[in-house]
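Structure data (PDB, C-alpha atoms and all ligand atoms) from target-v6.pdb:
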```pdb
MODEL        1
ATOM      1  CA  MET G 298       0.000   0.000   0.000  1.00  0.00           C
ATOM      2  CA  LYS G 299       1.252   3.454  -0.910  1.00  0.00           C
ATOM      3  CA  THR G 300       1.839   5.647   2.122  1.00  0.00           C
ATOM      4  CA  ILE G 301       1.811   9.413   2.269  1.00  0.00           C
ATOM      5  CA  CYS G 302       5.600   9.349   2.932  1.00  0.00           C
ATOM      6  CA  VAL G 303       6.248   7.372  -0.253  1.00  0.00           C
ATOM      7  CA  LEU G 304       4.035   9.753  -2.208  1.00  0.00           C
ATOM      8  CA  HIS G 305       5.779  12.803  -0.741  1.00  0.00           C
ATOM      9  CA  SER G 306       9.246  11.543  -1.611  1.00  0.00           C
ATOM     10  CA  LYS G 307       8.020  11.014  -5.167  1.00  0.00           C
ATOM     11  CA  ILE G 308       6.725  14.614  -5.242  1.00  0.00           C
ATOM     12  CA  ARG G 309      10.079  15.909  -3.942  1.00  0.00           C
ATOM     13  CA  ARG G 310      11.831  14.247  -6.907  1.00  0.00           C
ATOM     14  CA  CYS G 311       9.163  15.198  -9.492  1.00  0.00           C
ATOM     15  CA  ARG G 312      10.308  16.547 -12.868  1.00  0.00           C
ATOM     16  CA  LYS G 313       6.958  16.469 -14.694  1.00  0.00           C
ATOM     17  CA  CYS G 314       6.783  20.188 -15.482  1.00  0.00           C
ATOM     18  CA  ARG G 315       9.004  23.252 -15.933  1.00  0.00           C
ATOM     19  CA  LEU G 316       8.583  24.346 -12.295  1.00  0.00           C
ATOM     20  CA  CYS G 317      11.134  21.717 -11.189  1.00  0.00           C
ATOM     21  CA  THR G 318      13.958  23.740 -12.759  1.00  0.00           C
ATOM     22  CA  GLY G 319      13.464  26.826 -10.590  1.00  0.00           C
ATOM     23  CA  ARG G 320      12.471  25.326  -7.253  1.00  0.00           C
ATOM     24  CA  LYS G 321      14.643  24.958  -4.157  1.00  0.00           C
ATOM     25  CA  HIS G 322      12.241  22.477  -2.566  1.00  0.00           C
ATOM     26  CA  ALA G 323       9.025  20.890  -3.720  1.00  0.00           C
ATOM     27  CA  VAL G 324       6.350  21.339  -1.045  1.00  0.00           C
ATOM     28  CA  PRO G 325       4.185  18.187  -0.860  1.00  0.00           C
ATOM     29  CA  GLY G 326       2.260  19.245   2.245  1.00  0.00           C
ATOM     30  CA  GLU G 327       2.113  18.224   5.889  1.00  0.00           C
ATOM     31  CA  GLY G 328      -0.210  17.134   8.632  1.00  0.00           C
ATOM     32  CA  PRO G 329      -1.848  14.032  10.037  1.00  0.00           C
ATOM     33  CA  CYS G 330      -2.865  11.246   7.668  1.00  0.00           C
ATOM     34  CA  PRO G 331      -5.694  10.347   7.878  1.00  0.00           C
ATOM     35  CA  ALA G 332      -7.175  13.717   8.876  1.00  0.00           C
ATOM     36  CA  GLN G 333     -10.733  15.006   9.086  1.00  0.00           C
ATOM     37  CA  ILE G 334      -9.786  18.369   7.612  1.00  0.00           C
ATOM     38  CA  MET G 335      -7.739  19.089   4.505  1.00  0.00           C
ATOM     39  CA  LEU G 336      -6.773  22.595   3.358  1.00  0.00           C
ATOM     40  CA  ILE G 337      -5.719  23.151  -0.251  1.00  0.00           C
ATOM     41  CA  GLY G 338      -4.019  26.357  -1.399  1.00  0.00           C
ATOM     42  CA  GLN G 339      -2.624  27.535  -4.736  1.00  0.00           C
ATOM     43  CA  ALA G 340       1.145  26.964  -4.856  1.00  0.00           C
ATOM     44  CA  PRO G 341       4.136  27.473  -2.562  1.00  0.00           C
ATOM     45  CA  GLY G 342       5.528  30.990  -2.150  1.00  0.00           C
ATOM     46  CA  ARG G 343       9.164  31.973  -1.534  1.00  0.00           C
ATOM     47  CA  SER G 344       9.237  31.007   2.165  1.00  0.00           C
ATOM     48  CA  GLU G 345       7.655  27.630   1.409  1.00  0.00           C
ATOM     49  CA  ASP G 346      10.140  27.055  -1.449  1.00  0.00           C
ATOM     50  CA  LYS G 347      13.038  27.795   0.918  1.00  0.00           C
ATOM     51  CA  THR G 348      11.865  25.426   3.638  1.00  0.00           C
ATOM     52  CA  GLY G 349       9.769  22.771   1.874  1.00  0.00           C
ATOM     53  CA  ARG G 350       6.839  23.439   4.252  1.00  0.00           C
ATOM     54  CA  PRO G 351       3.347  24.677   3.248  1.00  0.00           C
ATOM     55  CA  PHE G 352       1.824  27.976   4.345  1.00  0.00           C
ATOM     56  CA  ILE G 353       4.612  29.268   6.566  1.00  0.00           C
ATOM     57  CA  GLY G 354       5.001  32.744   4.995  1.00  0.00           C
ATOM     58  CA  ARG G 355       2.757  35.795   5.392  1.00  0.00           C
ATOM     59  CA  ALA G 356      -0.323  34.135   3.907  1.00  0.00           C
ATOM     60  CA  GLY G 357       0.336  31.143   6.150  1.00  0.00           C
ATOM     61  CA  LYS G 358       0.437  33.291   9.289  1.00  0.00           C
ATOM     62  CA  PHE G 359      -2.846  34.851   8.194  1.00  0.00           C
ATOM     63  CA  LEU G 360      -4.312  31.408   7.571  1.00  0.00           C
ATOM     64  CA  ASP G 361      -3.266  30.407  11.107  1.00  0.00           C
ATOM     65  CA  GLU G 362      -5.155  33.418  12.500  1.00  0.00           C
ATOM     66  CA  MET G 363      -8.300  32.476  10.591  1.00  0.00           C
ATOM     67  CA  LEU G 364      -8.070  28.867  11.772  1.00  0.00           C
ATOM     68  CA  THR G 365      -7.749  30.102  15.354  1.00  0.00           C
ATOM     69  CA  GLU G 366     -10.854  32.300  14.920  1.00  0.00           C
ATOM     70  CA  ALA G 367     -12.794  29.262  13.740  1.00  0.00           C
ATOM     71  CA  ALA G 368     -11.392  27.179  16.655  1.00  0.00           C
ATOM     72  CA  ILE G 369      -9.584  24.796  14.303  1.00  0.00           C
ATOM     73  CA  LYS G 370      -6.108  23.596  15.259  1.00  0.00           C
ATOM     74  CA  ARG G 371      -3.554  23.743  12.440  1.00  0.00           C
ATOM     75  CA  SER G 372      -2.079  20.528  13.832  1.00  0.00           C
ATOM     76  CA  GLU G 373      -5.318  18.637  13.096  1.00  0.00           C
ATOM     77  CA  CYS G 374      -5.339  19.663   9.401  1.00  0.00           C
ATOM     78  CA  PHE G 375      -3.557  18.169   6.443  1.00  0.00           C
ATOM     79  CA  ILE G 376      -2.278  21.228   4.538  1.00  0.00           C
ATOM     80  CA  THR G 377      -1.160  21.277   0.928  1.00  0.00           C
ATOM     81  CA  SER G 378      -1.478  23.240  -2.321  1.00  0.00           C
ATOM     82  CA  ALA G 379      -2.787  22.370  -5.791  1.00  0.00           C
ATOM     83  CA  VAL G 380       0.692  22.911  -7.264  1.00  0.00           C
ATOM     84  CA  LYS G 381       3.666  21.663  -5.269  1.00  0.00           C
ATOM     85  CA  CYS G 382       6.476  23.845  -6.670  1.00  0.00           C
ATOM     86  CA  PHE G 383       7.119  27.599  -6.521  1.00  0.00           C
ATOM     87  CA  PRO G 384       6.125  29.368  -9.772  1.00  0.00           C
ATOM     88  CA  PRO G 385       8.857  31.882 -10.782  1.00  0.00           C
ATOM     89  CA  SER G 386       8.273  35.442  -9.524  1.00  0.00           C
ATOM     90  CA  ASN G 387       5.288  34.110  -7.612  1.00  0.00           C
ATOM     91  CA  ARG G 388       3.134  34.105 -10.759  1.00  0.00           C
ATOM     92  CA  ALA G 389      -0.108  32.111 -10.908  1.00  0.00           C
ATOM     93  CA  PRO G 390       0.382  28.458 -11.890  1.00  0.00           C
ATOM     94  CA  LYS G 391      -0.413  27.682 -15.538  1.00  0.00           C
ATOM     95  CA  THR G 392      -3.080  25.167 -16.540  1.00  0.00           C
ATOM     96  CA  ASP G 393      -0.535  22.532 -17.651  1.00  0.00           C
ATOM     97  CA  GLU G 394       1.303  22.873 -14.313  1.00  0.00           C
ATOM     98  CA  ILE G 395      -1.952  22.412 -12.405  1.00  0.00           C
ATOM     99  CA  ASN G 396      -2.721  19.352 -14.541  1.00  0.00           C
ATOM    100  CA  SER G 397       0.752  17.828 -13.993  1.00  0.00           C
ATOM    101  CA  CYS G 398       0.291  18.102 -10.241  1.00  0.00           C
ATOM    102  CA  LYS G 399      -3.343  16.914 -10.128  1.00  0.00           C
ATOM    103  CA  PRO G 400      -2.579  13.177  -9.741  1.00  0.00           C
ATOM    104  CA  TYR G 401      -0.528  13.978  -6.598  1.00  0.00           C
ATOM    105  CA  LEU G 402      -3.404  15.972  -5.119  1.00  0.00           C
ATOM    106  CA  TYR G 403      -5.888  13.200  -5.883  1.00  0.00           C
ATOM    107  CA  GLU G 404      -3.561  10.592  -4.297  1.00  0.00           C
ATOM    108  CA  GLN G 405      -3.346  12.794  -1.207  1.00  0.00           C
ATOM    109  CA  LEU G 406      -7.141  13.025  -1.034  1.00  0.00           C
ATOM    110  CA  LYS G 407      -7.346   9.226  -1.210  1.00  0.00           C
ATOM    111  CA  LEU G 408      -4.761   8.718   1.527  1.00  0.00           C
ATOM    112  CA  VAL G 409      -5.872  11.512   3.877  1.00  0.00           C
ATOM    113  CA  ARG G 410      -9.587  10.587   3.553  1.00  0.00           C
ATOM    114  CA  PRO G 411     -10.860  13.956   4.866  1.00  0.00           C
ATOM    115  CA  LYS G 412     -14.451  14.652   5.791  1.00  0.00           C
ATOM    116  CA  GLY G 413     -14.164  18.336   4.825  1.00  0.00           C
ATOM    117  CA  VAL G 414     -11.831  20.100   2.402  1.00  0.00           C
ATOM    118  CA  VAL G 415     -11.324  23.866   2.304  1.00  0.00           C
ATOM    119  CA  LEU G 416     -10.449  25.021  -1.205  1.00  0.00           C
ATOM    120  CA  LEU G 417      -8.462  28.207  -0.693  1.00  0.00           C
ATOM    121  CA  GLY G 418      -8.829  30.234  -3.887  1.00  0.00           C
ATOM    122  CA  ASN G 419      -9.664  29.660  -7.508  1.00  0.00           C
ATOM    123  CA  ILE G 420      -6.633  27.514  -8.409  1.00  0.00           C
ATOM    124  CA  ALA G 421      -7.530  24.931  -5.739  1.00  0.00           C
ATOM    125  CA  GLN G 422     -11.153  25.016  -6.919  1.00  0.00           C
ATOM    126  CA  LYS G 423     -10.117  24.576 -10.534  1.00  0.00           C
ATOM    127  CA  ALA G 424      -7.847  21.636  -9.657  1.00  0.00           C
ATOM    128  CA  VAL G 425     -10.448  19.803  -7.560  1.00  0.00           C
ATOM    129  CA  LEU G 426     -13.882  20.858  -8.854  1.00  0.00           C
ATOM    130  CA  GLY G 427     -12.928  21.946 -12.349  1.00  0.00           C
ATOM    131  CA  THR G 428     -14.405  25.396 -11.699  1.00  0.00           C
ATOM    132  CA  ASP G 429     -13.276  28.596 -10.092  1.00  0.00           C
ATOM    133  CA  ARG G 430     -16.316  29.543  -8.091  1.00  0.00           C
ATOM    134  CA  THR G 431     -15.007  32.550  -6.182  1.00  0.00           C
ATOM    135  CA  SER G 432     -12.818  34.128  -8.845  1.00  0.00           C
ATOM    136  CA  GLN G 433     -13.445  37.403 -10.577  1.00  0.00           C
ATOM    137  CA  ARG G 434     -13.823  35.449 -13.799  1.00  0.00           C
ATOM    138  CA  SER G 435     -16.827  33.572 -12.446  1.00  0.00           C
ATOM    139  CA  VAL G 436     -18.351  36.953 -11.559  1.00  0.00           C
ATOM    140  CA  VAL G 437     -17.935  38.222 -15.099  1.00  0.00           C
ATOM    141  CA  HIS G 438     -19.642  35.157 -16.525  1.00  0.00           C
ATOM    142  CA  GLY G 439     -22.065  34.650 -13.662  1.00  0.00           C
ATOM    143  CA  THR G 440     -24.986  36.545 -12.207  1.00  0.00           C
ATOM    144  CA  ASN G 441     -23.090  38.969  -9.938  1.00  0.00           C
ATOM    145  CA  THR G 442     -22.048  42.125 -11.684  1.00  0.00           C
ATOM    146  CA  SER G 443     -19.756  43.865  -9.249  1.00  0.00           C
ATOM    147  CA  PHE G 444     -16.558  42.698  -7.590  1.00  0.00           C
ATOM    148  CA  HIS G 445     -17.638  44.242  -4.310  1.00  0.00           C
ATOM    149  CA  ARG G 446     -20.944  42.437  -4.344  1.00  0.00           C
ATOM    150  CA  LYS G 447     -18.961  39.250  -4.899  1.00  0.00           C
ATOM    151  CA  LEU G 448     -16.963  39.908  -1.732  1.00  0.00           C
ATOM    152  CA  GLY G 449     -20.135  39.266   0.200  1.00  0.00           C
ATOM    153  CA  THR G 450     -21.994  36.812  -1.962  1.00  0.00           C
ATOM    154  CA  GLY G 451     -19.453  34.885  -4.077  1.00  0.00           C
ATOM    155  CA  ASN G 452     -20.610  31.376  -4.899  1.00  0.00           C
ATOM    156  CA  ARG G 453     -19.103  29.538  -1.949  1.00  0.00           C
ATOM    157  CA  LYS G 454     -21.740  26.861  -1.516  1.00  0.00           C
ATOM    158  CA  PRO G 455     -20.277  23.662  -0.047  1.00  0.00           C
ATOM    159  CA  ILE G 456     -20.530  20.685  -2.353  1.00  0.00           C
ATOM    160  CA  THR G 457     -20.419  17.000  -1.348  1.00  0.00           C
ATOM    161  CA  LEU G 458     -18.892  14.505  -3.772  1.00  0.00           C
ATOM    162  CA  SER G 459     -18.200  10.849  -2.902  1.00  0.00           C
ATOM    163  CA  GLY G 460     -18.636  11.527   0.813  1.00  0.00           C
ATOM    164  CA  ILE G 461     -16.235  14.494   0.966  1.00  0.00           C
ATOM    165  CA  THR G 462     -17.629  18.000   1.484  1.00  0.00           C
ATOM    166  CA  TYR G 463     -15.710  20.736  -0.315  1.00  0.00           C
ATOM    167  CA  PHE G 464     -15.838  24.337   0.919  1.00  0.00           C
ATOM    168  CA  PRO G 465     -14.805  26.711  -1.874  1.00  0.00           C
ATOM    169  CA  THR G 466     -13.520  29.943  -0.358  1.00  0.00           C
ATOM    170  CA  PHE G 467     -10.985  32.699  -0.968  1.00  0.00           C
ATOM    171  CA  HIS G 468      -7.208  32.438  -0.698  1.00  0.00           C
ATOM    172  CA  PRO G 469      -5.816  33.900   2.565  1.00  0.00           C
ATOM    173  CA  ALA G 470      -3.685  36.324   0.485  1.00  0.00           C
ATOM    174  CA  ALA G 471      -6.985  37.923  -0.667  1.00  0.00           C
ATOM    175  CA  GLY G 472      -8.176  37.958   2.946  1.00  0.00           C
ATOM    176  CA  MET G 473      -5.058  39.940   3.882  1.00  0.00           C
ATOM    177  CA  ARG G 474      -6.127  42.703   1.464  1.00  0.00           C
ATOM    178  CA  PHE G 475      -9.868  42.756   2.112  1.00  0.00           C
ATOM    179  CA  PRO G 476     -11.218  42.340   5.677  1.00  0.00           C
ATOM    180  CA  LYS G 477     -14.600  41.320   4.275  1.00  0.00           C
ATOM    181  CA  ILE G 478     -12.956  38.420   2.445  1.00  0.00           C
ATOM    182  CA  ALA G 479     -11.174  37.384   5.639  1.00  0.00           C
ATOM    183  CA  ARG G 480     -14.517  37.329   7.464  1.00  0.00           C
ATOM    184  CA  ASN G 481     -15.986  35.164   4.715  1.00  0.00           C
ATOM    185  CA  ILE G 482     -13.100  32.691   4.935  1.00  0.00           C
ATOM    186  CA  VAL G 483     -13.700  32.377   8.682  1.00  0.00           C
ATOM    187  CA  LYS G 484     -17.443  31.912   8.009  1.00  0.00           C
ATOM    188  CA  ASP G 485     -16.629  29.055   5.616  1.00  0.00           C
ATOM    189  CA  MET G 486     -14.357  27.483   8.209  1.00  0.00           C
ATOM    190  CA  HIS G 487     -17.189  27.677  10.731  1.00  0.00           C
ATOM    191  CA  LYS G 488     -19.405  25.794   8.238  1.00  0.00           C
ATOM    192  CA  LEU G 489     -16.741  23.093   8.164  1.00  0.00           C
ATOM    193  CA  LYS G 490     -16.722  22.910  11.966  1.00  0.00           C
ATOM    194  CA  MET G 491     -20.494  22.385  11.899  1.00  0.00           C
ATOM    195  CA  LEU G 492     -20.057  19.514   9.450  1.00  0.00           C
ATOM    196  CA  LEU G 493     -17.530  17.816  11.729  1.00  0.00           C
ATOM    197  CA  LYS G 494     -19.903  18.071  14.692  1.00  0.00           C
ATOM    198  CA  ARG G 495     -22.657  16.240  12.800  1.00  0.00           C
TER
HETATM  199  N1  LIG G 501       0.068  30.011  -0.754  1.00  0.00           N
HETATM  200  C1  LIG G 501      -0.353  28.770  -1.072  1.00  0.00           C
HETATM  201  O1  LIG G 501      -1.336  28.613  -1.778  1.00  0.00           O
HETATM  202  N2  LIG G 501       0.313  27.724  -0.567  1.00  0.00           N
HETATM  203  C2  LIG G 501       1.369  27.844   0.241  1.00  0.00           C
HETATM  204  O2  LIG G 501       1.924  26.843   0.698  1.00  0.00           O
HETATM  205  C3  LIG G 501       1.780  29.159   0.554  1.00  0.00           C
HETATM  206  C4  LIG G 501       1.121  30.226   0.045  1.00  0.00           C
ENDMDL
END
```
As structure tokens, please, write out the structure in this file.
Ligand code: URA
Amino acid sequence: MKTICVLHSKIRRCRKCRLCTGRKHAVPGEGPCPAQIMLIGQAPGRSEDKTGRPFIGRAGKFLDEMLTEAAIKRSECFITSAVKCFPPSNRAPKTDEINSCKPYLYEQLKLVRPKGVVLLGNIAQKAVLGTDRTSQRSVVHGTNTSFHRKLGTGNRKPITLSGITYFPTFHPAAGMRFPKIARNIVKDMHKLKMLLKR
């Protein structure tokens, strides 16, 4: 049986896409396995690339604060990102990079067997659900017409697939810029807490 450690050493050696040439460390993720809660971000930033650990930079500290507000312990969550290597100049991951990394994310989902998954931002949503429900793009094509209206009402409905409930929300980096977004992320984390109590 494949263990999470075996999978993570494979990720650390991965050369499937161009991101392997610029990385210092691949960042597979960390946390208990199995775990009831899984958090999925976009891609490692500079601090994560330096250390090989997920969400330890500024966005990570902010994420920690939001977890605390929702009374969730970071140590009880399995934390990872859709893309495991740092994109140069911190640019958004490209579609082919997301696709190269997808099998690793799906293996992690199988091994971690979470009850609830928080999808932090549109890249995580695209990788897992095939849609980007909270992004500006979905606003342009959807029913909301203003970005500010979206801050309050973005389509963040939880969705349950094969026994796992996914909570699409914003990336903590967006929460750092807009307090209303931060409040909505915490709200979504509270919804997850409710699910775990059931
Ligand atoms: N942003 C992410 O999406 N993941 C990290 O690990 C760090 C920042």
Output of the PyMOL selection byres (((chain G and resi 409-418) around 6) and not hetatm), listed as a count of residues only: 25
Shell of 9 Å around ligand LIG 501 (chain G) (only C-alpha atoms and all ligand atoms), written as a ChimeraX atom specification: /G:324,326,337-346,349-357,376-381,383,417-418,420-421,468-470
Shortest interatomic distance to His487 of chain G - which of G:Thr457, G:Thr365, G:Thr318, G:Ser397, counting only C-alpha atoms: G:Thr365
Distance in Å - atom CA of Leu304 of chain G versus atom CA of Pro325 of chain G: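 About the pair atom CA of Leu304 of chain G and atom CA of Pro325 of chain G: they are 8.5 Å apart.
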Please write the residues picked by the PyMOL selection byres (((chain G and resi 309) around 12) and not hetatm) on this file as a short mmCIF file (atom, residue, chain, number, x, y, z; two decimals) with C-alpha atoms, in the coordinates of the input.
```cif
data_model
loop_
_atom_site.label_atom_id
_atom_site.label_comp_id
_atom_site.auth_asym_id
_atom_site.auth_seq_id
_atom_site.Cartn_x
_atom_site.Cartn_y
_atom_site.Cartn_z
CA CYS G 302 5.60 9.35 2.93
CA VAL G 303 6.25 7.37 -0.25
CA LEU G 304 4.04 9.75 -2.21
CA HIS G 305 5.78 12.80 -0.74
CA SER G 306 9.25 11.54 -1.61
CA LYS G 307 8.02 11.01 -5.17
CA ILE G 308 6.72 14.61 -5.24
CA ARG G 310 11.83 14.25 -6.91
CA CYS G 311 9.16 15.20 -9.49
CA ARG G 312 10.31 16.55 -12.87
CA LYS G 313 6.96 16.47 -14.69
CA LEU G 316 8.58 24.35 -12.30
CA CYS G 317 11.13 21.72 -11.19
CA ARG G 320 12.47 25.33 -7.25
CA LYS G 321 14.64 24.96 -4.16
CA HIS G 322 12.24 22.48 -2.57
CA ALA G 323 9.02 20.89 -3.72
CA VAL G 324 6.35 21.34 -1.04
CA PRO G 325 4.18 18.19 -0.86
CA GLY G 326 2.26 19.24 2.24
CA ASP G 346 10.14 27.06 -1.45
CA GLY G 349 9.77 22.77 1.87
CA ARG G 350 6.84 23.44 4.25
CA LYS G 381 3.67 21.66 -5.27
CA CYS G 382 6.48 23.84 -6.67
CA CYS G 398 0.29 18.10 -10.24
CA TYR G 401 -0.53 13.98 -6.60
#
```
